[in-house]
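Structure file final.txt; described as compact mmCIF, C-alpha atoms.
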# COMPACT_ATOMS: atom_id res chain seq x y z
CA MET A 324 9.82 -4.21 -4.80
CA THR A 325 11.61 -4.28 -1.50
CA TRP A 326 10.47 -6.08 1.60
CA ILE A 327 9.33 -2.92 3.33
CA GLN A 328 7.31 -1.72 0.32
CA ARG A 329 5.47 -5.01 0.15
CA TRP A 330 4.52 -5.03 3.80
CA LEU A 331 3.93 -1.30 4.24
CA PRO A 332 2.51 0.01 0.97
CA HIS A 333 1.05 3.08 2.68
CA PRO A 334 3.26 4.00 5.63
CA LEU A 335 1.34 7.24 6.32
CA PHE A 336 -1.99 5.45 6.33
CA ALA A 337 -0.64 2.67 8.57
CA GLY A 338 0.81 5.23 10.97
CA PHE A 339 -2.53 7.04 11.05
CA LEU A 340 -4.35 3.79 11.87
CA LEU A 341 -1.92 3.03 14.67
CA LEU A 342 -2.29 6.54 16.08
CA LEU A 343 -6.08 6.25 15.93
CA TRP A 344 -5.98 2.90 17.72
CA LEU A 345 -3.80 4.30 20.49
CA LEU A 346 -6.02 7.36 20.88
CA MET A 347 -9.18 5.29 21.07
CA ASN A 348 -7.73 2.95 23.70
CA ALA A 349 -5.47 3.68 26.62
CA PHE A 350 -1.79 3.63 25.77
CA SER A 351 -0.05 0.39 26.75
CA PHE A 352 2.48 -1.97 25.24
CA ALA A 353 -0.19 -4.54 24.40
CA HIS A 354 -2.24 -1.96 22.54
CA LEU A 355 0.87 -0.80 20.71
CA LEU A 356 1.47 -4.34 19.46
CA LEU A 357 -2.17 -4.98 18.54
CA GLY A 358 -2.45 -1.58 16.86
CA SER A 359 0.71 -2.14 14.82
CA ALA A 360 -0.50 -5.56 13.69
CA LEU A 361 -3.90 -4.14 12.69
CA ALA A 362 -2.29 -1.19 10.90
CA VAL A 363 -0.08 -3.47 8.80
CA VAL A 364 -2.87 -5.93 8.00
CA ILE A 365 -5.51 -3.32 7.17
CA SER A 366 -3.24 -1.20 5.00
CA ARG A 367 -2.14 -4.34 3.13
CA VAL A 368 -5.64 -5.72 2.64
CA THR A 369 -7.07 -2.41 1.43
CA GLN A 370 -4.17 -1.73 -0.93
CA PRO A 371 -6.08 -2.69 -4.12
CA PHE A 372 -8.79 -0.09 -3.33
CA TRP A 373 -6.35 2.78 -3.37
CA PRO A 374 -5.73 4.88 -6.43
CA GLU A 375 -2.23 6.10 -7.06
CA ARG A 376 -0.63 7.67 -4.04
CA SER A 377 -0.56 11.44 -3.61
CA ARG A 378 2.57 13.08 -2.35
CA ILE A 379 2.30 15.76 0.31
CA LYS A 380 5.33 17.87 -0.32
CA TYR A 381 4.98 20.48 2.40
CA PRO A 382 3.22 19.11 5.53
CA GLY A 383 3.87 22.39 7.35
CA LYS A 384 2.06 24.36 4.68
CA LEU A 385 -0.81 21.86 4.84
CA MET A 386 -1.18 22.60 8.57
CA LEU A 387 -1.16 26.33 7.81
CA TYR A 388 -3.81 25.75 5.14
CA LEU A 389 -6.01 23.77 7.56
CA GLY A 390 -5.67 26.51 10.17
CA ARG A 391 -6.78 29.17 7.71
CA LEU A 392 -9.59 26.89 6.56
CA LEU A 393 -10.88 26.74 10.14
CA VAL A 394 -11.04 30.55 10.32
CA ASP A 395 -12.78 30.66 6.92
CA ILE A 396 -15.33 28.05 8.06
CA LEU A 397 -16.20 30.22 11.06
CA LYS A 398 -16.55 33.34 8.90
CA SER A 399 -18.62 31.67 6.18
CA ASN A 400 -20.92 30.16 8.79
CA LEU A 401 -21.73 33.59 10.16
CA ILE A 402 -22.54 34.77 6.62
CA VAL A 403 -24.70 31.72 5.84
CA ALA A 404 -26.48 32.00 9.20
CA ARG A 405 -27.34 35.66 8.53
CA ARG A 406 -28.61 34.82 5.05
CA ILE A 407 -30.79 31.96 6.27
CA LEU A 408 -32.27 33.96 9.14
CA PHE A 409 -32.80 37.40 7.63
CA HIS A 410 -32.52 37.35 3.84
CA SER A 411 -34.00 34.00 2.89
CA ARG A 412 -36.53 35.58 0.49
CA GLN A 413 -34.04 37.82 -1.36
CA LEU A 414 -31.47 35.09 -2.05
CA GLN A 415 -30.44 34.48 -5.67
CA PRO A 416 -29.05 30.97 -5.77
CA GLY A 417 -27.30 29.67 -8.85
CA PHE A 418 -24.85 27.21 -10.34
CA PHE A 419 -21.52 28.00 -11.93
CA THR A 420 -18.68 25.91 -13.32
CA TYR A 421 -15.21 26.29 -11.94
CA PRO A 422 -12.28 25.45 -14.24
CA LEU A 423 -9.76 23.30 -12.39
CA THR A 424 -6.04 23.58 -12.82
CA LEU A 425 -5.29 20.85 -10.25
CA THR A 426 -4.80 17.34 -11.60
CA ASP A 427 -4.03 15.26 -8.52
CA ASP A 428 -7.11 13.32 -7.34
CA PHE A 429 -6.53 13.89 -3.66
CA ALA A 430 -5.90 17.60 -4.18
CA VAL A 431 -9.15 17.91 -6.13
CA THR A 432 -10.97 16.14 -3.28
CA MET A 433 -9.45 18.58 -0.81
CA LEU A 434 -10.49 21.54 -2.94
CA ALA A 435 -14.06 20.25 -3.36
CA SER A 436 -14.36 19.65 0.40
CA THR A 437 -12.98 23.12 1.10
CA ILE A 438 -15.52 24.64 -1.28
CA SER A 439 -18.35 22.72 0.40
CA LEU A 440 -17.33 23.88 3.87
CA THR A 441 -16.69 27.53 3.03
CA PRO A 442 -18.19 30.62 1.50
CA GLY A 443 -21.82 29.74 0.81
CA THR A 444 -20.94 27.21 -1.89
CA VAL A 445 -21.38 23.46 -2.30
CA SER A 446 -19.57 21.44 -4.93
CA ALA A 447 -22.14 19.36 -6.80
CA HIS A 448 -20.42 17.59 -9.65
CA TYR A 449 -16.88 16.84 -10.79
CA ASP A 450 -16.37 16.51 -14.52
CA ARG A 451 -13.26 14.39 -14.96
CA GLU A 452 -12.97 14.89 -18.72
CA GLY A 453 -13.66 18.60 -18.84
CA ARG A 454 -11.71 19.21 -15.60
CA THR A 455 -14.41 21.40 -14.10
CA LEU A 456 -16.31 21.48 -10.84
CA LEU A 457 -19.98 22.34 -10.83
CA ILE A 458 -20.64 24.52 -7.80
CA HIS A 459 -23.91 25.68 -6.31
CA CYS A 460 -23.85 29.05 -4.60
CA LEU A 461 -26.46 30.17 -2.06
CA HIS A 462 -26.26 33.80 -3.19
CA LEU A 463 -24.58 34.23 -6.56
CA GLU A 464 -23.67 37.84 -7.28
CA ASP A 465 -20.34 38.08 -9.03
CA GLU A 466 -19.33 34.79 -10.60
CA ALA A 467 -15.93 35.92 -11.89
CA ALA A 468 -14.90 37.37 -8.53
CA LEU A 469 -15.88 34.17 -6.75
CA ILE A 470 -13.85 32.05 -9.18
CA ARG A 471 -10.84 34.36 -8.75
CA ASP A 472 -11.22 34.19 -4.99
CA ILE A 473 -11.35 30.36 -4.85
CA HIS A 474 -8.40 30.17 -7.23
CA SER A 475 -6.07 32.44 -5.29
CA ARG A 476 -7.21 31.49 -1.81
CA TYR A 477 -7.49 27.69 -1.99
CA GLU A 478 -6.35 26.25 -5.30
CA LEU A 479 -2.91 27.84 -5.51
CA PRO A 480 -1.88 26.79 -1.96
CA LEU A 481 -3.10 23.25 -2.65
CA LYS A 482 -1.15 23.18 -5.89
CA GLU A 483 1.94 24.13 -3.95
CA ILE A 484 1.34 21.63 -1.14
CA PHE A 485 0.81 18.65 -3.42
CA ASP A 486 3.39 19.80 -5.96
CA ASP A 487 0.91 19.27 -8.76
CA MET B 1010 -23.70 27.43 34.90
CA ILE B 1011 -22.73 24.44 32.77
CA GLU B 1012 -25.89 22.66 33.88
CA TRP B 1013 -27.94 25.61 32.69
CA ALA B 1014 -26.07 25.72 29.37
CA VAL B 1015 -26.53 21.98 28.85
CA ASN B 1016 -30.27 22.21 29.52
CA LEU B 1017 -30.62 25.11 27.10
CA ALA B 1018 -28.61 23.27 24.45
CA ILE B 1019 -30.74 20.13 24.84
CA THR B 1020 -33.89 22.21 24.34
CA VAL B 1021 -32.46 23.90 21.25
CA PHE B 1022 -31.41 20.59 19.72
CA ALA B 1023 -34.84 19.15 20.42
CA VAL B 1024 -36.37 22.03 18.44
CA ALA B 1025 -33.85 21.40 15.64
CA ILE B 1026 -34.84 17.74 15.55
CA ILE B 1027 -38.53 18.68 15.27
CA LEU B 1028 -37.65 20.90 12.29
CA ASN B 1029 -35.76 17.99 10.70
CA LEU B 1030 -38.72 15.68 11.24
CA TYR B 1031 -40.97 18.27 9.59
CA ARG B 1032 -38.72 18.26 6.50
CA LEU B 1033 -38.56 14.47 6.61
CA ALA B 1034 -42.34 14.33 6.58
CA ILE B 1035 -43.06 16.85 3.82
CA GLY B 1036 -40.24 15.89 1.47
CA PRO B 1037 -41.04 16.71 -1.37
CA ASP B 1038 -38.40 14.61 -3.11
CA ILE B 1039 -36.53 11.61 -1.74
CA VAL B 1040 -33.22 13.53 -1.72
CA ASP B 1041 -34.82 16.03 0.68
CA ARG B 1042 -35.64 13.14 2.97
CA ILE B 1043 -32.08 11.83 2.77
CA LEU B 1044 -30.80 15.30 3.64
CA ALA B 1045 -33.23 15.49 6.57
CA LEU B 1046 -32.03 12.11 7.84
CA ASP B 1047 -28.41 13.22 7.55
CA THR B 1048 -29.12 16.33 9.60
CA LEU B 1049 -31.13 14.28 12.08
CA MET B 1050 -28.07 12.08 12.53
CA ILE B 1051 -25.88 15.12 13.30
CA ASN B 1052 -28.39 16.46 15.80
CA SER B 1053 -28.80 13.13 17.55
CA ILE B 1054 -25.01 12.87 17.99
CA ALA B 1055 -25.20 16.27 19.66
CA LEU B 1056 -27.99 15.09 21.97
CA ILE B 1057 -25.98 12.02 23.00
CA VAL B 1058 -22.91 14.15 23.77
CA LEU B 1059 -25.06 16.53 25.79
CA PHE B 1060 -26.58 13.69 27.82
CA ASP B 1061 -23.07 12.44 28.42
CA ILE B 1062 -22.16 15.79 29.97
CA ARG B 1063 -25.51 16.06 31.79
CA LEU B 1064 -25.03 12.72 33.52
CA SER B 1065 -21.24 13.12 33.88
CA LEU B 1066 -20.64 9.70 32.40
CA GLY B 1067 -17.94 10.23 29.83
CA ILE B 1068 -18.62 6.89 28.14
CA LEU B 1069 -21.35 7.68 25.62
CA PHE B 1070 -18.92 9.07 23.06
CA GLU B 1071 -18.64 5.60 21.52
CA ALA B 1072 -22.35 5.69 20.72
CA ALA B 1073 -21.83 9.13 19.16
CA MET B 1074 -19.00 7.84 17.02
CA LEU B 1075 -21.02 4.82 15.90
CA ILE B 1076 -23.94 7.02 14.83
CA ALA B 1077 -21.51 9.28 12.96
CA LEU B 1078 -20.03 6.30 11.11
CA MET B 1079 -23.32 4.60 10.34
CA GLY B 1080 -24.98 7.88 9.37
CA PHE B 1081 -22.28 8.68 6.85
CA VAL B 1082 -22.29 5.18 5.38
CA GLY B 1083 -26.09 5.23 5.26
CA THR B 1084 -26.26 8.58 3.48
CA VAL B 1085 -23.69 7.54 0.90
CA ALA B 1086 -25.40 4.18 0.36
CA MET B 1087 -28.79 5.81 -0.20
CA THR B 1088 -27.42 8.39 -2.66
CA LYS B 1089 -25.44 5.68 -4.42
CA TYR B 1090 -28.62 3.66 -4.76
CA LEU B 1091 -30.39 6.64 -6.32
CA LEU B 1092 -27.50 7.27 -8.70
CA ARG B 1093 -26.80 3.71 -9.83
CA GLY B 1094 -29.70 1.55 -8.67
CA ASP B 1095 -27.13 -0.47 -6.76
CA VAL B 1096 -25.15 0.08 -3.57
CA ILE B 1097 -22.12 -2.13 -4.10
CA GLU B 1098 -20.77 -2.23 -7.63
CA MET C 1297 -22.61 17.93 38.10
CA THR C 1298 -20.24 20.90 37.81
CA PRO C 1299 -17.03 20.06 39.66
CA SER C 1300 -16.72 22.69 42.35
CA SER C 1301 -13.04 23.25 41.63
CA MET C 1302 -13.60 24.19 38.00
CA PRO C 1303 -12.34 27.71 37.30
CA PHE C 1304 -15.03 30.21 36.41
CA LEU C 1305 -13.46 31.15 33.07
CA LEU C 1306 -13.31 27.53 31.91
CA GLU C 1307 -16.91 27.04 32.96
CA LEU C 1308 -17.89 30.16 31.02
CA LEU C 1309 -15.98 28.99 27.95
CA ILE C 1310 -17.58 25.53 27.99
CA SER C 1311 -21.06 27.00 28.44
CA LEU C 1312 -20.48 29.45 25.59
CA LEU C 1313 -19.26 26.67 23.29
CA LEU C 1314 -22.28 24.51 24.10
CA VAL C 1315 -24.80 27.31 23.54
CA THR C 1316 -23.18 28.65 20.33
CA GLY C 1317 -22.93 25.12 18.97
CA ALA C 1318 -26.61 24.54 19.67
CA LEU C 1319 -27.57 27.84 18.03
CA PHE C 1320 -25.56 27.08 14.87
CA ALA C 1321 -27.17 23.65 14.59
CA LEU C 1322 -30.60 25.24 15.06
CA ILE C 1323 -29.86 27.73 12.26
CA GLY C 1324 -28.86 24.83 10.01
CA SER C 1325 -32.12 23.06 10.76
CA ILE C 1326 -34.13 26.26 10.23
CA GLY C 1327 -32.46 26.58 6.85
CA LEU C 1328 -33.38 22.97 6.10
CA ALA C 1329 -36.99 23.57 7.05
CA ARG C 1330 -37.76 26.90 5.42
CA LEU C 1331 -35.63 27.46 2.29
CA GLN C 1332 -37.48 26.92 -0.98
CA ASP C 1333 -35.13 24.81 -3.11
CA PHE C 1334 -33.26 21.57 -2.44
CA PHE C 1335 -29.89 23.03 -3.38
CA MET C 1336 -30.45 25.96 -1.03
CA ARG C 1337 -31.46 23.62 1.77
CA LEU C 1338 -28.23 21.70 1.27
CA HIS C 1339 -26.22 24.68 2.57
CA GLY C 1340 -27.67 24.78 6.07
CA PRO C 1341 -26.86 21.26 7.28
CA THR C 1342 -23.49 20.94 5.57
CA LYS C 1343 -22.07 24.10 7.08
CA ALA C 1344 -24.00 25.29 10.11
CA SER C 1345 -24.86 21.92 11.63
CA THR C 1346 -21.33 20.58 11.20
CA LEU C 1347 -19.81 23.65 12.82
CA GLY C 1348 -22.42 23.56 15.59
CA LEU C 1349 -21.57 19.97 16.41
CA GLY C 1350 -17.85 20.85 16.21
CA CYS C 1351 -18.30 23.59 18.84
CA LEU C 1352 -20.31 21.25 21.05
CA LEU C 1353 -17.74 18.46 20.85
CA ILE C 1354 -14.90 20.84 21.68
CA GLY C 1355 -16.89 21.99 24.72
CA SER C 1356 -17.38 18.36 25.74
CA LEU C 1357 -13.66 17.70 25.19
CA LEU C 1358 -12.72 20.55 27.55
CA TYR C 1359 -15.26 19.41 30.15
CA PHE C 1360 -14.13 15.78 30.27
CA SER C 1361 -10.45 16.70 30.00
CA PHE C 1362 -10.85 18.79 33.15
CA GLN C 1363 -13.02 16.26 34.94
CA LYS C 1364 -10.75 13.30 34.32
CA GLY C 1365 -7.47 15.16 34.51
CA THR C 1366 -6.26 13.75 31.19
CA VAL C 1367 -6.75 14.98 27.66
CA SER C 1368 -9.89 13.37 26.31
CA VAL C 1369 -9.27 12.96 22.58
CA HIS C 1370 -12.33 10.93 21.67
CA GLU C 1371 -14.45 13.97 20.89
CA ALA C 1372 -11.67 15.36 18.74
CA ILE C 1373 -11.75 12.17 16.63
CA VAL C 1374 -15.51 12.48 16.13
CA THR C 1375 -15.09 16.16 15.17
CA VAL C 1376 -12.38 15.43 12.59
CA PHE C 1377 -14.46 12.59 11.18
CA LEU C 1378 -17.51 14.82 10.79
CA PHE C 1379 -15.58 17.63 9.15
CA ALA C 1380 -14.08 15.15 6.71
CA THR C 1381 -17.36 13.42 5.83
CA ALA C 1382 -19.87 16.31 5.72
CA PRO C 1383 -18.63 17.68 2.34
CA VAL C 1384 -18.54 14.18 0.87
CA SER C 1385 -22.13 13.39 1.79
CA ALA C 1386 -23.22 16.86 0.60
CA HIS C 1387 -21.50 16.23 -2.72
CA MET C 1388 -23.18 12.84 -3.07
CA MET C 1389 -26.61 14.25 -2.27
CA ALA C 1390 -26.13 17.11 -4.75
CA LYS C 1391 -25.11 14.58 -7.41
CA ALA C 1392 -28.18 12.46 -6.73
CA ALA C 1393 -30.42 15.53 -6.89
CA LEU C 1394 -28.89 16.61 -10.22
CA PHE C 1395 -29.33 13.09 -11.55
CA ARG C 1396 -33.01 13.09 -10.59
CA GLY C 1397 -33.55 16.60 -11.90
CA VAL C 1398 -34.67 17.93 -8.52
CA GLY C 1399 -35.04 21.71 -8.47
CA LYS C 1400 -35.24 22.09 -12.25
CA GLY C 1401 -37.07 25.31 -13.00
CA GLY C 1402 -36.64 26.33 -9.36
CA PRO C 1403 -34.98 29.46 -8.06
CA SER C 1404 -31.44 28.30 -8.84
CA ARG C 1405 -30.09 29.89 -12.02
CA ASN C 1406 -27.89 28.20 -14.65
CA TYR C 1407 -29.30 24.74 -13.94
CA PRO C 1408 -27.06 22.32 -15.87
CA GLU C 1409 -28.72 20.63 -18.86
CA ASN C 1410 -27.45 17.08 -18.50
Here is the file; what I need is its structure written in the form of structure tokens.
Amino acid sequence: MTWIQRWLPHPLFAGFLLLLWLLMNAFSFAHLLLGSALAVVISRVTQPFWPERSRIKYPGKLMLYLGRLLVDILKSNLIVARRILFHSRQLQPGFFTYPLTLTDDFAVTMLASTISLTPGTVSAHYDREGRTLLIHCLHLEDEAALIRDIHSRYELPLKEIFDD
Amino acid sequence: MIEWAVNLAITVFAVAIILNLYRLAIGPDIVDRILALDTLMINSIALIVLFDIRLSLGILFEAAMLIALMGFVGTVAMTKYLLRGDVIE
Amino acid sequence: MTPSSMPFLLELLISLLLVTGALFALIGSIGLARLQDFFMRLHGPTKASTLGLGCLLIGSLLYFSFQKGTVSVHEAIVTVFLFATAPVSAHMMAKAALFRGVGKGGPSRNYPEN
């Protein structure tokens, strides 16, 4: 283990902490020093809590994914709002299981969060052994189409981004 | 115009908070109450931000961030307690 | 309270963001209050309220950025934090509800057995 690996086990996380510190306070040299010290100490102290590190292979594609996610959140909110306001008595809620092909923990977390924020679905349980997600849907019509949709729209891009 | 919009938004959020309190009161299960508290937290952040604009202070965001942090930790702690009977394992 | 030099279009945009945000949050709370089943009620707050608060915070960001002449990033941090945590707390609440058997025999189909 080299010197830099011992002191900066999570360079991305440390950089994020430093950036957050500088954004929360006004930028000055003193804050830069204090923020760097805190970033190094915190990322070192919390190192045992972290599972194995995920590798983001294509940061550009991740940005693209987040941008599309934002549009999808807006769209799904309009759908959910209409259902709550006008069709709340005709809704047919239901659960379904989604077979995962992702294996990386962080990628699965991203997918579950995406599912919770978008099209009328909330992820309710993650089965680690069976590699499935239990999803609740506010208005479940065509289960197979929904699974296909999630797979092509969110899971495949995530697979590519995290090189899983 | 912004003043008008802020006043309208404050009224709407007040109504939303009353609806959350209604759900908090009737339950029926404890998870419903946790959900109501979580939503109440989101709506109170909104009210704080709106007051910040209304009074042109620009300093209340820290309170908003604290409520966001504590609300999230609180929700997770309560659900964890229900799931395991213990908060810190 | 409105700075007199603020351009009309910016003022309109901020007002629209504030009002739409408030309406989305209200819809989320209506969903929380009137839907029949816990798992259905979970949808309103996790999506609509989070987006509503996101709109509101972006409006506040624009307002204070204009008023102070610098980019005010604090609201952006709160927004990112909320969008990252809302699905996690929804997931935890759904897990707790499944564990307690809430909504069994309710309107939700395919309720898992264990």
Hey, could you make a per-residue contact list for segment 1019-1084 of chain B against segment 1356-1369 of chain C with 12 Å as the cut-off, showing the nearest pair of atoms and its distance in Å to one decimal, counting all atoms listed in the file, sorted by chain and number, as CSV?
residue,atom,partner,partner_atom,distance
B:Ala1055,CA,C:Ser1356,CA,10.1
B:Leu1056,CA,C:Ser1356,CA,11.7
B:Ile1057,CA,C:Ser1356,CA,11.0
B:Val1058,CA,C:Ser1356,CA,7.2
B:Leu1059,CA,C:Ser1356,CA,7.9
B:Phe1060,CA,C:Ser1356,CA,10.5
B:Asp1061,CA,C:Ser1356,CA,8.6
B:Ile1062,CA,C:Ser1356,CA,6.9
B:Arg1063,CA,C:Ser1356,CA,10.4
B:Leu1064,CA,C:Phe1360,CA,11.8
B:Ser1065,CA,C:Phe1360,CA,8.4
B:Leu1066,CA,C:Phe1360,CA,9.2
B:Gly1067,CA,C:Phe1360,CA,6.7
B:Ile1068,CA,C:Phe1360,CA,10.2
B:Leu1069,CA,C:Ser1356,CA,11.4
B:Phe1070,CA,C:Ser1356,CA,9.8
B:Glu1071,CA,C:Val1369,CA,12.0
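Residue nearest chain A within the list B:Val1015, B:Met1074, B:Ile1054, B:Ile1039: B:Met1074 [criterion: smallest interatomic distance, only C-alpha atoms].
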- Message: Quick check, in Å to one decimal: how far apart do atom CA of Ala1025 of chain B and atom CA of Gly443 of chain A lie?
- Response: 20.8 Å
- Task: Find the residues near segment 452-458 of chain A: any atom within 7 Å, counting all atoms listed in the file, skip ones fewer than 6 places away on the same chain, and give them as a ChimeraX atom specification.
- Result: /A:418-423,444-446
- Compute the chain C side of the contact with chain A at 10 Å, counting only C-alpha atoms, and hand it back as JSON, numbers by chain. {"C": [1319, 1320, 1321, 1322, 1323, 1324, 1326, 1327, 1328, 1330, 1331, 1332, 1333, 1335, 1336, 1337, 1338, 1339, 1340, 1342, 1343, 1344, 1345, 1346, 1347, 1348, 1368, 1369, 1370, 1373, 1379, 1380, 1381, 1382, 1383, 1384, 1386, 1387, 1388, 1389, 1390, 1391, 1392, 1393, 1394, 1402, 1403, 1404, 1405, 1406, 1407, 1408]}
Please produce a file of those selected residues containing C-alpha atoms, as a PDB file, in the coordinates of the input.
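Final output, saved to result_17.pdb:
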ATOM      1  CA  LEU C1319     -27.570  27.840  18.030  1.00  0.00           C
ATOM      2  CA  PHE C1320     -25.560  27.080  14.870  1.00  0.00           C
ATOM      3  CA  ALA C1321     -27.170  23.650  14.590  1.00  0.00           C
ATOM      4  CA  LEU C1322     -30.600  25.240  15.060  1.00  0.00           C
ATOM      5  CA  ILE C1323     -29.860  27.730  12.260  1.00  0.00           C
ATOM      6  CA  GLY C1324     -28.860  24.830  10.010  1.00  0.00           C
ATOM      7  CA  ILE C1326     -34.130  26.260  10.230  1.00  0.00           C
ATOM      8  CA  GLY C1327     -32.460  26.580   6.850  1.00  0.00           C
ATOM      9  CA  LEU C1328     -33.380  22.970   6.100  1.00  0.00           C
ATOM     10  CA  ARG C1330     -37.760  26.900   5.420  1.00  0.00           C
ATOM     11  CA  LEU C1331     -35.630  27.460   2.290  1.00  0.00           C
ATOM     12  CA  GLN C1332     -37.480  26.920  -0.980  1.00  0.00           C
ATOM     13  CA  ASP C1333     -35.130  24.810  -3.110  1.00  0.00           C
ATOM     14  CA  PHE C1335     -29.890  23.030  -3.380  1.00  0.00           C
ATOM     15  CA  MET C1336     -30.450  25.960  -1.030  1.00  0.00           C
ATOM     16  CA  ARG C1337     -31.460  23.620   1.770  1.00  0.00           C
ATOM     17  CA  LEU C1338     -28.230  21.700   1.270  1.00  0.00           C
ATOM     18  CA  HIS C1339     -26.220  24.680   2.570  1.00  0.00           C
ATOM     19  CA  GLY C1340     -27.670  24.780   6.070  1.00  0.00           C
ATOM     20  CA  THR C1342     -23.490  20.940   5.570  1.00  0.00           C
ATOM     21  CA  LYS C1343     -22.070  24.100   7.080  1.00  0.00           C
ATOM     22  CA  ALA C1344     -24.000  25.290  10.110  1.00  0.00           C
ATOM     23  CA  SER C1345     -24.860  21.920  11.630  1.00  0.00           C
ATOM     24  CA  THR C1346     -21.330  20.580  11.200  1.00  0.00           C
ATOM     25  CA  LEU C1347     -19.810  23.650  12.820  1.00  0.00           C
ATOM     26  CA  GLY C1348     -22.420  23.560  15.590  1.00  0.00           C
ATOM     27  CA  SER C1368      -9.890  13.370  26.310  1.00  0.00           C
ATOM     28  CA  VAL C1369      -9.270  12.960  22.580  1.00  0.00           C
ATOM     29  CA  HIS C1370     -12.330  10.930  21.670  1.00  0.00           C
ATOM     30  CA  ILE C1373     -11.750  12.170  16.630  1.00  0.00           C
ATOM     31  CA  PHE C1379     -15.580  17.630   9.150  1.00  0.00           C
ATOM     32  CA  ALA C1380     -14.080  15.150   6.710  1.00  0.00           C
ATOM     33  CA  THR C1381     -17.360  13.420   5.830  1.00  0.00           C
ATOM     34  CA  ALA C1382     -19.870  16.310   5.720  1.00  0.00           C
ATOM     35  CA  PRO C1383     -18.630  17.680   2.340  1.00  0.00           C
ATOM     36  CA  VAL C1384     -18.540  14.180   0.870  1.00  0.00           C
ATOM     37  CA  ALA C1386     -23.220  16.860   0.600  1.00  0.00           C
ATOM     38  CA  HIS C1387     -21.500  16.230  -2.720  1.00  0.00           C
ATOM     39  CA  MET C1388     -23.180  12.840  -3.070  1.00  0.00           C
ATOM     40  CA  MET C1389     -26.610  14.250  -2.270  1.00  0.00           C
ATOM     41  CA  ALA C1390     -26.130  17.110  -4.750  1.00  0.00           C
ATOM     42  CA  LYS C1391     -25.110  14.580  -7.410  1.00  0.00           C
ATOM     43  CA  ALA C1392     -28.180  12.460  -6.730  1.00  0.00           C
ATOM     44  CA  ALA C1393     -30.420  15.530  -6.890  1.00  0.00           C
ATOM     45  CA  LEU C1394     -28.890  16.610 -10.220  1.00  0.00           C
ATOM     46  CA  GLY C1402     -36.640  26.330  -9.360  1.00  0.00           C
ATOM     47  CA  PRO C1403     -34.980  29.460  -8.060  1.00  0.00           C
ATOM     48  CA  SER C1404     -31.440  28.300  -8.840  1.00  0.00           C
ATOM     49  CA  ARG C1405     -30.090  29.890 -12.020  1.00  0.00           C
ATOM     50  CA  ASN C1406     -27.890  28.200 -14.650  1.00  0.00           C
ATOM     51  CA  TYR C1407     -29.300  24.740 -13.940  1.00  0.00           C
ATOM     52  CA  PRO C1408     -27.060  22.320 -15.870  1.00  0.00           C
TER      53      PRO C1408
END
- Message: What's around Thr1048 of chain B at 8 Å? Count all atoms listed in the file, leave out sequence neighbours fewer than 6 positions away in its own chain, and write the answer as number ranges by chain.
- Response: B: 1029; C: 1325, 1341, 1345
- Message: For a test of reading the model, state the distance in Å between atom CA of Val1374 of chain C and atom CA of Ala1034 of chain B, rounded to one decimal.
- Response: 28.5 Å
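Note that atom CA of Phe1081 of chain B and atom CA of Gly338 of chain A are 23.7 Å apart.
Counting all atoms listed in the file, every residue of chain B that comes within 6 Å of chain C is listed here: Ile1011, Ala1014, Ala1018, Ala1025, Leu1028, Arg1032, Thr1048, Met1074, Thr1088 and Leu1092 of chain B.
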Keeping just N, CA and C atoms, export segment 331-340 of chain A of this structure as a compact mmCIF listing (two decimals), in the first residue's frame.
# COMPACT_ATOMS: atom_id res chain seq x y z
N LEU A 331 -5.30 8.69 1.50
CA LEU A 331 -6.49 9.07 0.72
C LEU A 331 -7.14 7.82 0.15
N PRO A 332 -7.82 7.03 1.01
CA PRO A 332 -8.40 5.80 0.51
C PRO A 332 -9.55 6.04 -0.47
N HIS A 333 -10.22 7.18 -0.34
CA HIS A 333 -11.34 7.48 -1.23
C HIS A 333 -11.15 8.88 -1.79
N PRO A 334 -10.32 9.03 -2.81
CA PRO A 334 -10.03 10.38 -3.31
C PRO A 334 -11.28 11.11 -3.79
N LEU A 335 -12.22 10.38 -4.43
CA LEU A 335 -13.44 11.04 -4.91
C LEU A 335 -14.27 11.58 -3.75
N PHE A 336 -14.40 10.75 -2.72
CA PHE A 336 -15.18 11.13 -1.55
C PHE A 336 -14.53 12.33 -0.85
N ALA A 337 -13.19 12.28 -0.71
CA ALA A 337 -12.49 13.39 -0.07
C ALA A 337 -12.66 14.67 -0.88
N GLY A 338 -12.55 14.55 -2.21
CA GLY A 338 -12.74 15.73 -3.06
C GLY A 338 -14.14 16.29 -2.93
N PHE A 339 -15.13 15.39 -2.83
CA PHE A 339 -16.51 15.82 -2.67
C PHE A 339 -16.69 16.57 -1.35
N LEU A 340 -16.08 16.06 -0.28
CA LEU A 340 -16.18 16.73 1.02
C LEU A 340 -15.57 18.12 0.97
